[in-house]
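A.B. asks: What follows is a single structure, and I will ask about it in a moment.
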Amino acid sequence: MIAATAASTVAADKPAADKLVTELEQRLARSNVDAVNAHLLAHWQSAMVPLHQQTAACQRPALNLTVRLSRGRHPGAAGAHGDALRAAAGRCLVDVMALLSMMEVPRLCTSMASWGPATAARELRRRIATIDADALLRDSPRGQACRAAYHHELHHTRVVVKRIVPAAKPAASAPMAARPASS
């Protein structure tokens with residue numbers, strides 16, 4: 001019963017999702033990326049969040065639109081679009097890579113700000129393994145650049161979990177030399 005309800009909810013949401021992307025595409029055709037990003041920022045809950053949910057779910061029209069919008073000048077919008085694309089890269093990396101330029105790959109093949117160090121390390125390792133297991137990604141320049149970016153972050157940033165070596169005990173526990181007798 002729950003599965004049937006969930007399936008009908010998803011089916012009911014699909015036309016609304018298609019409508020959102022269509023409306024944003026039309027808005028983009030009438031204006032420009034920055035105007036659409038301004039609209040999304042002004043309507044965060046009703047527009048930006050649903051667009052990014054579709055992007056993270058690897059819906060191709062939303063992915064395509066989000067990549068184009070991520071190239072805008074507003075840093076808040078570009079950052080939000082980048083996070084949605086990072087989330088999508090965990091599920092459909094081939095689709096995301098196909099839409100990015102070579103310059104964008106290292107910027108988007110990073111951990112998400114919401115991940116803690118342990119989650120980031122685990123997820124970066126998983127994504128590197130995904131690239132290594134897929135011949136198309138492993139052999140493509142974009143796949144190699146993405147793997148290099150993930151690898152660099154895994155080994156050179158906040159994700160690195162370093163073992164702390166205990167400090168040596170102070171010399172105070174060593175026997176003291178005899179004091180000369182005072183006269």
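Residues are named by chain letter and number: chains run A, B, ... in the order of the structure tokens, numbers start at 1 in each chain, and ligands are numbered from 1 in the order shown.
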When you look at Arg122 in chain A with a cut-off of 12 Å (counting only C-alpha atoms), what residues show up, excluding the ones that are within fewer than 2 positions of it in the same chain? I need them as a PyMOL selection string.
C.D. replies: chain A and resi 90+111+115-120+124-129+150-151+154+159-161
A.B. asks: Go ahead and write the selection's residues with C-alpha atoms as a PDB file, in the first residue's frame.
C.D. replies:
ATOM      1  CA  GLY A  90      27.032  10.597  -7.248  1.00  0.00           C
ATOM      2  CA  SER A 111      32.779  16.968  -2.023  1.00  0.00           C
ATOM      3  CA  TRP A 115      29.375  16.295   4.104  1.00  0.00           C
ATOM      4  CA  GLY A 116      31.471  15.817   7.207  1.00  0.00           C
ATOM      5  CA  PRO A 117      35.050  14.530   6.828  1.00  0.00           C
ATOM      6  CA  ALA A 118      34.164  10.839   7.242  1.00  0.00           C
ATOM      7  CA  THR A 119      31.255  11.020   4.787  1.00  0.00           C
ATOM      8  CA  ALA A 120      33.375  12.983   2.320  1.00  0.00           C
ATOM      9  CA  LEU A 124      35.092  10.400  -2.627  1.00  0.00           C
ATOM     10  CA  ARG A 125      36.501   6.856  -2.490  1.00  0.00           C
ATOM     11  CA  ARG A 126      33.205   5.481  -3.846  1.00  0.00           C
ATOM     12  CA  ARG A 127      33.186   7.992  -6.698  1.00  0.00           C
ATOM     13  CA  ILE A 128      36.815   7.264  -7.579  1.00  0.00           C
ATOM     14  CA  ALA A 129      35.969   3.537  -7.660  1.00  0.00           C
ATOM     15  CA  TYR A 150      38.456  13.663  -6.275  1.00  0.00           C
ATOM     16  CA  HIS A 151      41.855  12.104  -5.526  1.00  0.00           C
ATOM     17  CA  LEU A 154      40.768  13.037  -0.693  1.00  0.00           C
ATOM     18  CA  VAL A 159      38.873  15.131   4.209  1.00  0.00           C
ATOM     19  CA  VAL A 160      42.258  13.766   5.219  1.00  0.00           C
ATOM     20  CA  VAL A 161      42.022  12.070   8.580  1.00  0.00           C
TER      21      VAL A 161
END
A.B. asks: Just give me the gap between CA of Arg60 in chain A and CA of Ala42 in chain A in Å, one decimal is fine.
C.D. replies: 24.2 Å
A.B. asks: Of the residues A:Val96, A:Arg73, A:Asp18, A:Pro61, which is the one nearest to Ala38 in chain A, using only C-alpha atoms?
C.D. replies: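 Closest residue, counting only C-alpha atoms: A:Arg73.
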A.B. asks: Give me, as number ranges by chain, all polymer residues having an atom no more than 12 Å from Met97 in chain A, counting only C-alpha atoms and skipping those fewer than 5 positions away in the same chain.
C.D. replies: A: 63-64, 67, 85-86, 88-92, 102-109, 131, 136-138, 140-147
A.B. asks: Taking the chain letters and numbering used in this document, name the residues of range 24-139 of chain A that DSSP puts in helix (DSSP H, G or I), as number ranges by chain.
C.D. replies: A: 24-30, 33-42, 44-56, 60-69, 75-99, 105-108, 117-133, 135-139
A.B. asks: Next, write the just-selected residues to a file, as a JSON list (two decimals), in the first residue's frame, keeping C-alpha atoms as the atom set.
C.D. replies:
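For reference, again_39.json as written:
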[["chain", "number", "residue", "atom", "x", "y", "z"],
["A", 24, "LEU", "CA", 12.34, 27.96, -16.59],
["A", 25, "GLU", "CA", 13.46, 27.07, -20.13],
["A", 26, "GLN", "CA", 10.90, 29.54, -21.53],
["A", 27, "ARG", "CA", 12.04, 32.19, -19.07],
["A", 28, "LEU", "CA", 15.65, 31.57, -20.18],
["A", 29, "ALA", "CA", 14.69, 31.89, -23.86],
["A", 30, "ARG", "CA", 13.02, 35.27, -23.14],
["A", 33, "VAL", "CA", 20.88, 33.09, -17.26],
["A", 34, "ASP", "CA", 21.23, 35.85, -14.66],
["A", 35, "ALA", "CA", 17.54, 36.77, -14.87],
["A", 36, "VAL", "CA", 16.50, 33.14, -14.41],
["A", 37, "ASN", "CA", 18.90, 32.80, -11.48],
["A", 38, "ALA", "CA", 17.42, 35.94, -9.92],
["A", 39, "HIS", "CA", 13.96, 34.39, -10.28],
["A", 40, "LEU", "CA", 15.17, 31.13, -8.70],
["A", 41, "LEU", "CA", 16.77, 32.97, -5.79],
["A", 42, "ALA", "CA", 13.58, 34.96, -5.21],
["A", 44, "TRP", "CA", 13.84, 29.42, -3.48],
["A", 45, "GLN", "CA", 11.31, 26.96, -2.04],
["A", 46, "SER", "CA", 8.94, 26.90, -4.99],
["A", 47, "ALA", "CA", 11.50, 26.88, -7.81],
["A", 48, "MET", "CA", 15.15, 26.40, -6.80],
["A", 49, "VAL", "CA", 14.59, 23.47, -4.42],
["A", 50, "PRO", "CA", 12.40, 21.46, -6.84],
["A", 51, "LEU", "CA", 14.82, 22.11, -9.71],
["A", 52, "HIS", "CA", 17.71, 20.83, -7.64],
["A", 53, "GLN", "CA", 15.73, 17.79, -6.48],
["A", 54, "GLN", "CA", 15.17, 16.91, -10.13],
["A", 55, "THR", "CA", 18.84, 17.54, -10.87],
["A", 56, "ALA", "CA", 19.98, 15.32, -8.00],
["A", 60, "ARG", "CA", 18.05, 14.90, -17.96],
["A", 61, "PRO", "CA", 16.15, 18.18, -18.69],
["A", 62, "ALA", "CA", 16.86, 19.44, -15.16],
["A", 63, "LEU", "CA", 20.54, 18.42, -15.42],
["A", 64, "ASN", "CA", 20.91, 20.27, -18.70],
["A", 65, "LEU", "CA", 19.21, 23.41, -17.37],
["A", 66, "THR", "CA", 21.14, 23.37, -14.09],
["A", 67, "VAL", "CA", 24.48, 23.15, -15.92],
["A", 68, "ARG", "CA", 23.57, 26.16, -18.06],
["A", 69, "LEU", "CA", 22.34, 28.13, -15.03],
["A", 75, "PRO", "CA", 27.74, 33.40, -6.83],
["A", 76, "GLY", "CA", 24.86, 32.24, -4.61],
["A", 77, "ALA", "CA", 22.97, 30.73, -7.52],
["A", 78, "ALA", "CA", 26.10, 29.23, -9.08],
["A", 79, "GLY", "CA", 27.05, 27.65, -5.75],
["A", 80, "ALA", "CA", 23.60, 26.17, -5.27],
["A", 81, "HIS", "CA", 23.58, 24.79, -8.82],
["A", 82, "GLY", "CA", 27.06, 23.36, -8.25],
["A", 83, "ASP", "CA", 25.87, 21.51, -5.13],
["A", 84, "ALA", "CA", 22.94, 20.03, -7.06],
["A", 85, "LEU", "CA", 25.30, 18.88, -9.81],
["A", 86, "ARG", "CA", 27.67, 17.37, -7.22],
["A", 87, "ALA", "CA", 24.74, 15.43, -5.79],
["A", 88, "ALA", "CA", 23.79, 14.24, -9.28],
["A", 89, "ALA", "CA", 27.39, 13.20, -9.98],
["A", 90, "GLY", "CA", 27.03, 10.60, -7.25],
["A", 91, "ARG", "CA", 24.22, 8.91, -9.19],
["A", 92, "CYS", "CA", 24.80, 9.66, -12.88],
["A", 93, "LEU", "CA", 28.38, 10.84, -13.33],
["A", 94, "VAL", "CA", 28.46, 9.98, -17.05],
["A", 95, "ASP", "CA", 25.44, 12.23, -17.70],
["A", 96, "VAL", "CA", 26.91, 15.09, -15.67],
["A", 97, "MET", "CA", 30.34, 14.81, -17.33],
["A", 98, "ALA", "CA", 28.75, 14.90, -20.79],
["A", 99, "LEU", "CA", 27.31, 18.35, -20.04],
["A", 105, "VAL", "CA", 35.06, 19.37, -14.23],
["A", 106, "PRO", "CA", 37.57, 20.04, -11.40],
["A", 107, "ARG", "CA", 35.24, 22.63, -9.85],
["A", 108, "LEU", "CA", 32.31, 20.21, -9.72],
["A", 117, "PRO", "CA", 35.05, 14.53, 6.83],
["A", 118, "ALA", "CA", 34.16, 10.84, 7.24],
["A", 119, "THR", "CA", 31.25, 11.02, 4.79],
["A", 120, "ALA", "CA", 33.38, 12.98, 2.32],
["A", 121, "ALA", "CA", 36.22, 10.45, 2.48],
["A", 122, "ARG", "CA", 33.83, 7.52, 2.01],
["A", 123, "GLU", "CA", 31.93, 9.21, -0.84],
["A", 124, "LEU", "CA", 35.09, 10.40, -2.63],
["A", 125, "ARG", "CA", 36.50, 6.86, -2.49],
["A", 126, "ARG", "CA", 33.20, 5.48, -3.85],
["A", 127, "ARG", "CA", 33.19, 7.99, -6.70],
["A", 128, "ILE", "CA", 36.82, 7.26, -7.58],
["A", 129, "ALA", "CA", 35.97, 3.54, -7.66],
["A", 130, "THR", "CA", 33.00, 4.28, -9.94],
["A", 131, "ILE", "CA", 35.27, 6.08, -12.39],
["A", 132, "ASP", "CA", 37.87, 3.30, -12.22],
["A", 133, "ALA", "CA", 35.20, 0.65, -12.89],
["A", 135, "ALA", "CA", 35.97, 2.14, -19.03],
["A", 136, "LEU", "CA", 34.25, 5.08, -20.73],
["A", 137, "LEU", "CA", 34.85, 7.39, -17.76],
["A", 138, "ARG", "CA", 38.29, 5.99, -16.93],
["A", 139, "ASP", "CA", 39.57, 6.60, -20.46]]
A.B. asks: In Å to one decimal, how far is CA of Val21 in chain A from CA of Ala57 in chain A?
C.D. replies: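 Distance reported for this atom pair: 13.7 Å.
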A.B. asks: CA of Leu20 in chain A and CA of Met112 in chain A are how many Å apart?
C.D. replies: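 Here the two named atoms are 24.9 Å from each other.
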